[in-house]
Every structure is written in structure tokens, then in C-alpha cells.
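With compact mmCIF, C-alpha atoms inside, this is target-v5.txt:
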```
# COMPACT_ATOMS: atom_id res chain seq x y z
CA MET A 1 81.37 82.56 142.03
CA ALA A 2 84.87 82.57 140.59
CA THR A 3 85.20 83.90 137.04
CA TYR A 4 87.86 83.87 134.36
CA ASN A 5 87.17 84.54 130.67
CA GLY A 6 83.62 83.28 131.06
CA GLU A 7 81.78 85.66 128.73
CA LYS A 8 80.12 82.88 126.74
CA TYR A 9 77.95 81.45 129.52
CA ILE A 10 78.09 83.77 132.52
CA ARG A 11 74.94 85.77 131.74
CA GLU A 12 72.81 82.62 131.66
CA GLN A 13 74.32 81.47 134.94
CA MET A 14 73.87 84.81 136.68
CA ASP A 15 70.25 85.01 135.55
CA SER A 16 69.54 81.55 136.95
CA ILE A 17 71.03 82.59 140.31
CA LEU A 18 69.68 86.11 140.73
CA GLN A 19 66.06 85.10 140.16
CA GLN A 20 66.28 82.95 143.32
CA LEU A 21 67.95 85.50 145.61
CA GLY A 22 66.18 87.74 148.08
CA GLU A 23 66.90 91.40 148.77
CA GLY A 24 69.23 90.54 151.64
CA ASP A 25 71.23 87.99 149.67
CA GLU A 26 74.43 88.58 147.72
CA LEU A 27 76.22 87.22 144.68
CA ILE A 28 79.94 87.46 145.42
CA ILE A 29 82.10 87.27 142.29
CA SER A 30 85.89 87.15 142.23
CA ASP A 31 87.40 87.66 138.78
CA ASP A 32 90.89 86.39 138.05
CA LEU A 33 91.81 89.22 135.65
CA SER A 34 89.69 88.13 132.69
CA SER A 35 90.80 89.41 129.29
CA ASP A 36 87.38 89.02 127.61
CA LYS A 37 84.05 90.74 128.37
CA THR A 38 83.30 88.85 131.59
CA VAL A 39 83.69 91.86 133.87
CA GLU A 40 81.81 94.11 131.44
CA ILE A 41 78.87 91.69 131.48
CA ILE A 42 78.86 91.48 135.29
CA LYS A 43 78.91 95.28 135.66
CA SER A 44 76.06 95.67 133.18
CA TYR A 45 73.58 94.18 135.67
CA LYS A 46 73.50 97.22 137.98
CA ASP A 47 72.21 94.94 140.75
CA LYS A 48 73.15 95.92 144.31
CA ARG A 49 73.22 92.25 145.33
CA ILE A 50 76.21 91.65 143.02
CA LYS A 51 79.58 92.33 144.64
CA LEU A 52 82.50 92.10 142.25
CA TYR A 53 86.11 91.77 143.38
CA ILE A 54 88.93 91.88 140.85
CA HIS A 55 91.64 89.53 142.04
CA GLY A 56 94.41 91.66 140.56
CA ASP A 57 96.35 88.90 138.88
CA ASN A 58 95.81 85.41 137.52
CA HIS A 59 96.11 83.31 140.68
CA GLY A 60 94.25 80.21 139.49
CA PHE A 61 90.78 78.94 140.35
CA VAL A 62 91.56 77.78 143.91
CA ARG A 63 92.77 81.20 145.10
CA ASN A 64 90.06 82.87 143.05
CA PHE A 65 87.39 80.94 144.94
CA GLU A 66 89.12 81.70 148.23
CA ASN A 67 89.03 85.40 147.39
CA ALA A 68 85.29 85.20 146.78
CA LEU A 69 84.67 83.27 149.99
CA VAL A 70 86.58 85.65 152.26
CA HIS A 71 84.17 88.39 151.16
CA ALA A 72 81.01 86.36 151.83
CA ASP A 73 78.88 87.66 154.71
CA GLY A 74 76.00 85.19 154.67
CA ASP A 75 75.15 82.41 157.09
CA ILE A 76 74.60 80.02 154.17
CA ILE A 77 77.08 79.91 151.29
CA PHE A 78 76.69 78.35 147.85
CA LEU A 79 79.58 77.69 145.47
CA SER A 80 78.99 78.48 141.82
CA ASP A 81 80.93 78.04 138.61
CA GLN A 82 80.60 80.61 135.85
CA ASP A 83 79.24 78.34 133.15
CA ASP A 84 76.51 76.20 134.72
CA ILE A 85 72.77 76.78 135.13
CA TRP A 86 70.95 76.61 138.46
CA MET A 87 67.60 74.84 138.59
CA PRO A 88 64.75 77.15 139.68
CA ASP A 89 64.36 75.41 143.07
CA LYS A 90 68.07 75.09 143.96
CA VAL A 91 68.09 77.67 146.75
CA LYS A 92 64.81 76.53 148.29
CA VAL A 93 65.70 72.83 148.32
CA THR A 94 69.24 73.45 149.58
CA ILE A 95 68.21 75.69 152.45
CA ALA A 96 65.70 73.05 153.54
CA ALA A 97 68.46 70.42 153.54
CA LEU A 98 70.78 72.64 155.57
CA ALA A 99 68.19 72.84 158.33
CA ASN A 100 69.44 69.37 159.34
CA CYS A 101 73.16 69.51 158.50
CA ASP A 102 76.12 71.85 158.02
CA PHE A 103 77.21 70.87 154.51
CA THR A 104 75.36 69.40 151.57
CA VAL A 105 76.06 68.31 148.00
CA SER A 106 73.32 68.02 145.41
CA ASP A 107 73.05 65.88 142.33
CA CYS A 108 73.40 67.46 138.89
CA ILE A 109 72.56 66.91 135.26
CA THR A 110 75.66 67.11 133.06
CA ILE A 111 75.26 68.95 129.77
CA ASN A 112 77.51 69.93 126.89
CA GLU A 113 78.04 73.38 125.39
CA ASN A 114 74.73 73.11 123.50
CA GLU A 115 72.79 72.05 126.62
CA GLN A 116 72.46 68.50 125.35
CA VAL A 117 72.29 66.05 128.26
CA ILE A 118 75.38 63.92 128.79
CA SER A 119 74.28 62.42 132.10
CA GLN A 120 71.06 62.57 134.14
CA SER A 121 72.71 61.93 137.51
CA ARG A 122 76.27 62.32 138.76
CA ILE A 123 75.37 60.67 142.07
CA LYS A 124 74.26 57.50 140.28
CA ASP A 125 77.08 57.53 137.73
CA TYR A 126 79.78 57.68 140.42
CA ASN A 127 77.92 55.97 143.29
CA ILE A 128 78.47 59.06 145.44
CA LYS A 129 77.92 58.76 149.18
CA THR A 130 78.93 60.80 152.19
CA GLY A 131 81.65 59.73 154.62
CA PHE A 132 85.13 60.90 155.57
CA TRP A 133 87.08 57.78 154.62
CA ARG A 134 85.13 57.39 151.41
CA LEU A 135 86.19 60.94 150.58
CA MET A 136 89.79 60.15 151.45
CA ILE A 137 89.86 57.21 149.04
CA LYS A 138 88.21 58.99 146.12
CA THR A 139 85.99 62.05 146.06
CA ARG A 140 83.44 62.68 143.36
CA TYR A 141 81.92 65.78 144.93
CA LEU A 142 81.66 68.85 142.71
CA GLY A 143 82.21 72.27 144.22
CA CYS A 144 79.44 73.76 142.09
CA CYS A 145 76.99 71.39 143.82
CA MET A 146 78.08 72.35 147.35
CA ALA A 147 76.46 74.58 149.94
CA PHE A 148 77.32 74.97 153.60
CA ARG A 149 76.85 76.92 156.78
CA ARG A 150 79.09 79.68 158.07
CA ASN A 151 80.72 77.40 160.67
CA VAL A 152 82.17 75.22 157.90
CA LEU A 153 83.58 78.22 156.03
CA ASP A 154 85.06 79.82 159.15
CA SER A 155 86.81 76.55 159.94
CA ALA A 156 88.14 76.11 156.39
CA LEU A 157 89.58 79.61 155.92
CA PRO A 158 92.30 80.36 155.13
CA PHE A 159 92.82 77.58 152.60
CA PRO A 160 95.95 75.40 152.86
CA ASP A 161 99.08 76.93 151.34
CA ASN A 162 99.57 74.41 148.53
CA ALA A 163 96.72 74.81 146.02
CA TYR A 164 98.16 72.05 143.83
CA LEU A 165 97.75 69.53 146.62
CA MET A 166 94.41 70.84 147.86
CA GLU A 167 91.69 72.23 145.61
CA HIS A 168 89.10 74.53 147.21
CA ASP A 169 86.17 72.13 146.93
CA LEU A 170 88.13 69.12 148.13
CA TRP A 171 89.29 71.08 151.17
CA LEU A 172 85.79 72.30 152.06
CA ALA A 173 84.43 68.78 151.71
CA ALA A 174 87.25 67.33 153.83
CA VAL A 175 86.64 69.85 156.62
CA ALA A 176 82.91 69.16 156.53
CA GLU A 177 83.24 65.37 156.47
CA CYS A 178 85.81 65.39 159.25
CA TYR A 179 84.20 67.82 161.67
CA PHE A 180 80.58 68.50 160.72
CA LYS A 181 77.31 66.87 159.68
CA THR A 182 76.97 66.32 155.93
CA SER A 183 74.24 65.17 153.56
CA LEU A 184 73.48 64.47 149.91
CA ILE A 185 70.53 65.92 148.03
CA ASP A 186 69.42 63.15 145.71
CA LYS A 187 67.99 65.61 143.19
CA PRO A 188 69.68 67.49 140.34
CA LEU A 189 69.82 71.16 141.29
CA ILE A 190 72.13 72.41 138.55
CA LYS A 191 72.92 71.77 134.93
CA TYR A 192 76.66 71.15 135.06
CA ARG A 193 78.20 72.25 131.78
CA ARG A 194 81.23 70.54 130.25
CA HIS A 195 82.45 72.31 127.15
CA GLY A 196 86.17 71.71 126.74
CA GLY A 197 87.13 75.13 128.05
CA ASN A 198 86.33 74.59 131.74
CA VAL A 199 88.84 76.05 134.18
CA SER A 200 88.76 72.88 136.33
CA SER A 201 88.49 69.25 135.25
CA GLY A 202 85.46 68.41 137.37
CA GLY A 203 87.17 65.28 138.58
CA ALA A 204 87.46 63.89 135.07
CA SER A 205 91.26 63.92 135.06
CA LYS A 206 93.13 60.98 136.62
CA GLY A 207 96.62 62.12 135.77
CA TYR A 208 98.18 61.94 139.25
CA SER A 209 100.74 59.24 139.88
CA VAL A 210 100.27 56.89 142.84
CA PRO A 211 102.97 58.63 144.96
CA ILE A 212 101.33 62.03 144.33
CA LYS A 213 97.90 60.63 145.23
CA ILE A 214 99.30 59.32 148.53
CA TYR A 215 101.11 62.58 149.23
CA ARG A 216 97.95 64.59 148.54
CA ARG A 217 96.01 62.53 151.08
CA LEU A 218 98.72 62.82 153.71
CA TYR A 219 98.80 66.57 153.14
CA ARG A 220 95.01 66.68 153.58
CA LEU A 221 95.22 64.83 156.91
CA LYS A 222 97.98 67.15 158.09
CA CYS A 223 95.94 70.24 157.23
CA LEU A 224 92.85 68.83 158.94
CA ALA A 225 94.81 68.18 162.11
CA ARG A 226 96.10 71.76 162.10
CA ILE A 227 92.62 73.30 162.22
CA ARG A 228 91.23 70.99 164.91
CA LYS A 229 91.45 73.59 167.69
CA LYS A 230 89.43 76.22 165.85
CA ILE A 231 86.44 74.03 164.97
CA ARG A 232 83.17 75.47 166.26
```
The structure given in the file should be rewritten as C-alpha cells.
Amino acid sequence: MATYNGEKYIREQMDSILQQLGEGDELIISDDLSSDKTVEIIKSYKDKRIKLYIHGDNHGFVRNFENALVHADGDIIFLSDQDDIWMPDKVKVTIAALANCDFTVSDCITINENEQVISQSRIKDYNIKTGFWRLMIKTRYLGCCMAFRRNVLDSALPFPDNAYLMEHDLWLAAVAECYFKTSLIDKPLIKYRRHGGNVSSGGASKGYSVPIKIYRRLYRLKCLARIRKKIR
């Protein structure tokens, strides 16, 4: 989990996660120097499974997620935003899916700040399917719906240098689609909250010009070629 000024919703999210974790699991949190009570709330849990890392400066959400991921020790890794809510069976269903693949993306229900439903299914709304070239044309994957095995993470770290051209979730998905076996879970496993103050756009923004879109894809291909030799 990457956090930044998330005091309003983070307790609800942490509660939804921790109730599904076993004794040997961990909740890795990287905080990007929040100025509100986010860190205070996290520390109040006194739960040995929570491992908090203060990033030291405001580096942005891509580097904040990278900082969390470099500290992850598990064989299976879930990405989490600070303001969503995990469904009670998210961990169980996802682990079952990962028995047959290396990387998976679940469906989600989109809600607003008052938990009113905006959409029942992102997969249906955006006709989401797996596939490398489909991802290259237009990705609709959400990082908060992703989970993957250690081999995907080891191949993806460190992240590409230019965070503007390569967001963390897009990079992880590109690595997985290019080199590993992927799958979709056609079931909502989180309530994905959109409230106007989200750190990332969730794919809602389409502000890139055509030249920038082309350059971003060429950069992605270049980065994927660079890591080819270390794929396991």
C-alpha cells in the first residue's frame, strides 16, 4: 500500500485487509511524507504484520509504490490503494487464481465517497481482456485490482527511470503480459473508491497528446527489451 494524506479512508481499508491476513502475512505501507494523520492512524494499530516505511520526501505515487514493493518479502503480492475497501473473499479468491498463473487482475465495484455504487463492473464497462497487444493499445487495468507472484515482481524491479512515461501498475502489467501467464478474475473483489481527491486518475484521464501516447508505448517496449535477460 502506498499512502499520502489518506486519513479519511485508510482505517476502513486497513481493516478490510487485515481481517484476511494470516500470522505470516504482512501489510507493507510506504508513506510519501503525509501531512495529515495518516501515519498516526497506521501506528495506532500496534499490529506486527504492519510494516511502515516513511519515504522521506514527496516522490509521487509511482516511486511510493516502488518503495513499498522493494520491502515486500512474500511469494504473492497484492497492490492496494489507501482509500478502497477489499471484499471479504479477496485474498482467498486471488490465491486460488494464482495457482494457475503468475499475474491476475480482478473486477471491481466503483463507489463514490459515500459508498454509493457508480458501476457494478469495470471489466464489463471497459471490455477488459488480457493480452499484450491489447494492453499496448489501451490498458484499463487498475493497480489496486492486481496481484502477482514473486517472479513477476523480481523481473519488474527496479522500475523504469521515467515515472511520467511509465506508471507502476502499467509497468507491472506490461512485464506480466509480455513474459508471464496472466488471467482475469471475473468477480468484483474490491470497492474502488473515486472521491475527487484520489492520488491517481484510475485511467479516467485522457489528456495525453497523440505523440506522447506513441512515445510512451515506445518507451514501454524499450524497457521490456532491457529486462529480457533477467526473466525467470
Nearest residue to Leu184 in chain A from the set A:Arg134, A:Lys129, A:Arg63, A:Lys48 (distances using all atoms listed in the file):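 Nearest to Leu184 in chain A: A:Lys129.
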Shortest interatomic distance to Ile227 in chain A - which of A:Tyr208, A:Trp133, A:Tyr192, A:Trp171, counting all atoms listed in the file: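 Residue with the minimum atom-to-atom distance to Ile227 in chain A: A:Trp171.
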A:Ser44, A:Ser80, A:Asn114, A:Asn58 ranked by distance to Leu142 in chain A, top pick (using all atoms listed in the file): A:Ser80
Radius query 7 Å about (76.3, 74.1, 152.6), atoms used: all atoms listed in the file, as number ranges by chain: A: 76-78, 98, 102-104, 146-149
Which residue of A:Leu170, A:Ala68, A:Gly6, A:Glu12 approaches Leu27 in chain A most closely, using only C-alpha atoms: A:Ala68
Computed interatomic separation between CA of Phe61 in chain A and CA of Lys187 in chain A (Å):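 So the answer is 26.6 Å.
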Local residues around (70.8, 90.7, 141.5), at most 12 Å away, using only C-alpha atoms, as an MDAnalysis selection string: chainID A and resid 11 13:29 42:52
For the selection just defined, write its residues with C-alpha atoms to a file, as a PDB file, in the coordinates of the input.
```
ATOM      1  CA  ARG A  11      74.940  85.770 131.740  1.00  0.00           C
ATOM      2  CA  GLN A  13      74.320  81.470 134.940  1.00  0.00           C
ATOM      3  CA  MET A  14      73.870  84.810 136.680  1.00  0.00           C
ATOM      4  CA  ASP A  15      70.250  85.010 135.550  1.00  0.00           C
ATOM      5  CA  SER A  16      69.540  81.550 136.950  1.00  0.00           C
ATOM      6  CA  ILE A  17      71.030  82.590 140.310  1.00  0.00           C
ATOM      7  CA  LEU A  18      69.680  86.110 140.730  1.00  0.00           C
ATOM      8  CA  GLN A  19      66.060  85.100 140.160  1.00  0.00           C
ATOM      9  CA  GLN A  20      66.280  82.950 143.320  1.00  0.00           C
ATOM     10  CA  LEU A  21      67.950  85.500 145.610  1.00  0.00           C
ATOM     11  CA  GLY A  22      66.180  87.740 148.080  1.00  0.00           C
ATOM     12  CA  GLU A  23      66.900  91.400 148.770  1.00  0.00           C
ATOM     13  CA  GLY A  24      69.230  90.540 151.640  1.00  0.00           C
ATOM     14  CA  ASP A  25      71.230  87.990 149.670  1.00  0.00           C
ATOM     15  CA  GLU A  26      74.430  88.580 147.720  1.00  0.00           C
ATOM     16  CA  LEU A  27      76.220  87.220 144.680  1.00  0.00           C
ATOM     17  CA  ILE A  28      79.940  87.460 145.420  1.00  0.00           C
ATOM     18  CA  ILE A  29      82.100  87.270 142.290  1.00  0.00           C
ATOM     19  CA  ILE A  42      78.860  91.480 135.290  1.00  0.00           C
ATOM     20  CA  LYS A  43      78.910  95.280 135.660  1.00  0.00           C
ATOM     21  CA  SER A  44      76.060  95.670 133.180  1.00  0.00           C
ATOM     22  CA  TYR A  45      73.580  94.180 135.670  1.00  0.00           C
ATOM     23  CA  LYS A  46      73.500  97.220 137.980  1.00  0.00           C
ATOM     24  CA  ASP A  47      72.210  94.940 140.750  1.00  0.00           C
ATOM     25  CA  LYS A  48      73.150  95.920 144.310  1.00  0.00           C
ATOM     26  CA  ARG A  49      73.220  92.250 145.330  1.00  0.00           C
ATOM     27  CA  ILE A  50      76.210  91.650 143.020  1.00  0.00           C
ATOM     28  CA  LYS A  51      79.580  92.330 144.640  1.00  0.00           C
ATOM     29  CA  LEU A  52      82.500  92.100 142.250  1.00  0.00           C
TER      30      LEU A  52
END
```
Counting all atoms listed in the file, the option among A:Asp186, A:Gly60, A:Phe180, A:Asp154 closest to Asn127 in chain A: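 The answer is A:Asp186, which sits nearest to Asn127 in chain A.
Taking CA of Gly74 in chain A as the reference point, CA of Arg150 in chain A is found at 7.2 Å.
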Could you list, as a PDB file with C-alpha atoms, in the frame of the given file, every residue within 12 Å of Gly56 in chain A, counting all atoms listed in the file and ignoring same-chain residues fewer than 3 positions away?
```pdb
ATOM      1  CA  TYR A   4      87.860  83.870 134.360  1.00  0.00           C
ATOM      2  CA  SER A  30      85.890  87.150 142.230  1.00  0.00           C
ATOM      3  CA  ASP A  31      87.400  87.660 138.780  1.00  0.00           C
ATOM      4  CA  ASP A  32      90.890  86.390 138.050  1.00  0.00           C
ATOM      5  CA  LEU A  33      91.810  89.220 135.650  1.00  0.00           C
ATOM      6  CA  SER A  34      89.690  88.130 132.690  1.00  0.00           C
ATOM      7  CA  TYR A  53      86.110  91.770 143.380  1.00  0.00           C
ATOM      8  CA  HIS A  59      96.110  83.310 140.680  1.00  0.00           C
ATOM      9  CA  GLY A  60      94.250  80.210 139.490  1.00  0.00           C
ATOM     10  CA  ARG A  63      92.770  81.200 145.100  1.00  0.00           C
ATOM     11  CA  ASN A  64      90.060  82.870 143.050  1.00  0.00           C
ATOM     12  CA  ASN A  67      89.030  85.400 147.390  1.00  0.00           C
TER      13      ASN A  67
END
```
Atom pair CA of Ala156 in chain A / CA of His55 in chain A: separation (Å):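 Rounded to one decimal, the two atoms are 20.0 Å apart.
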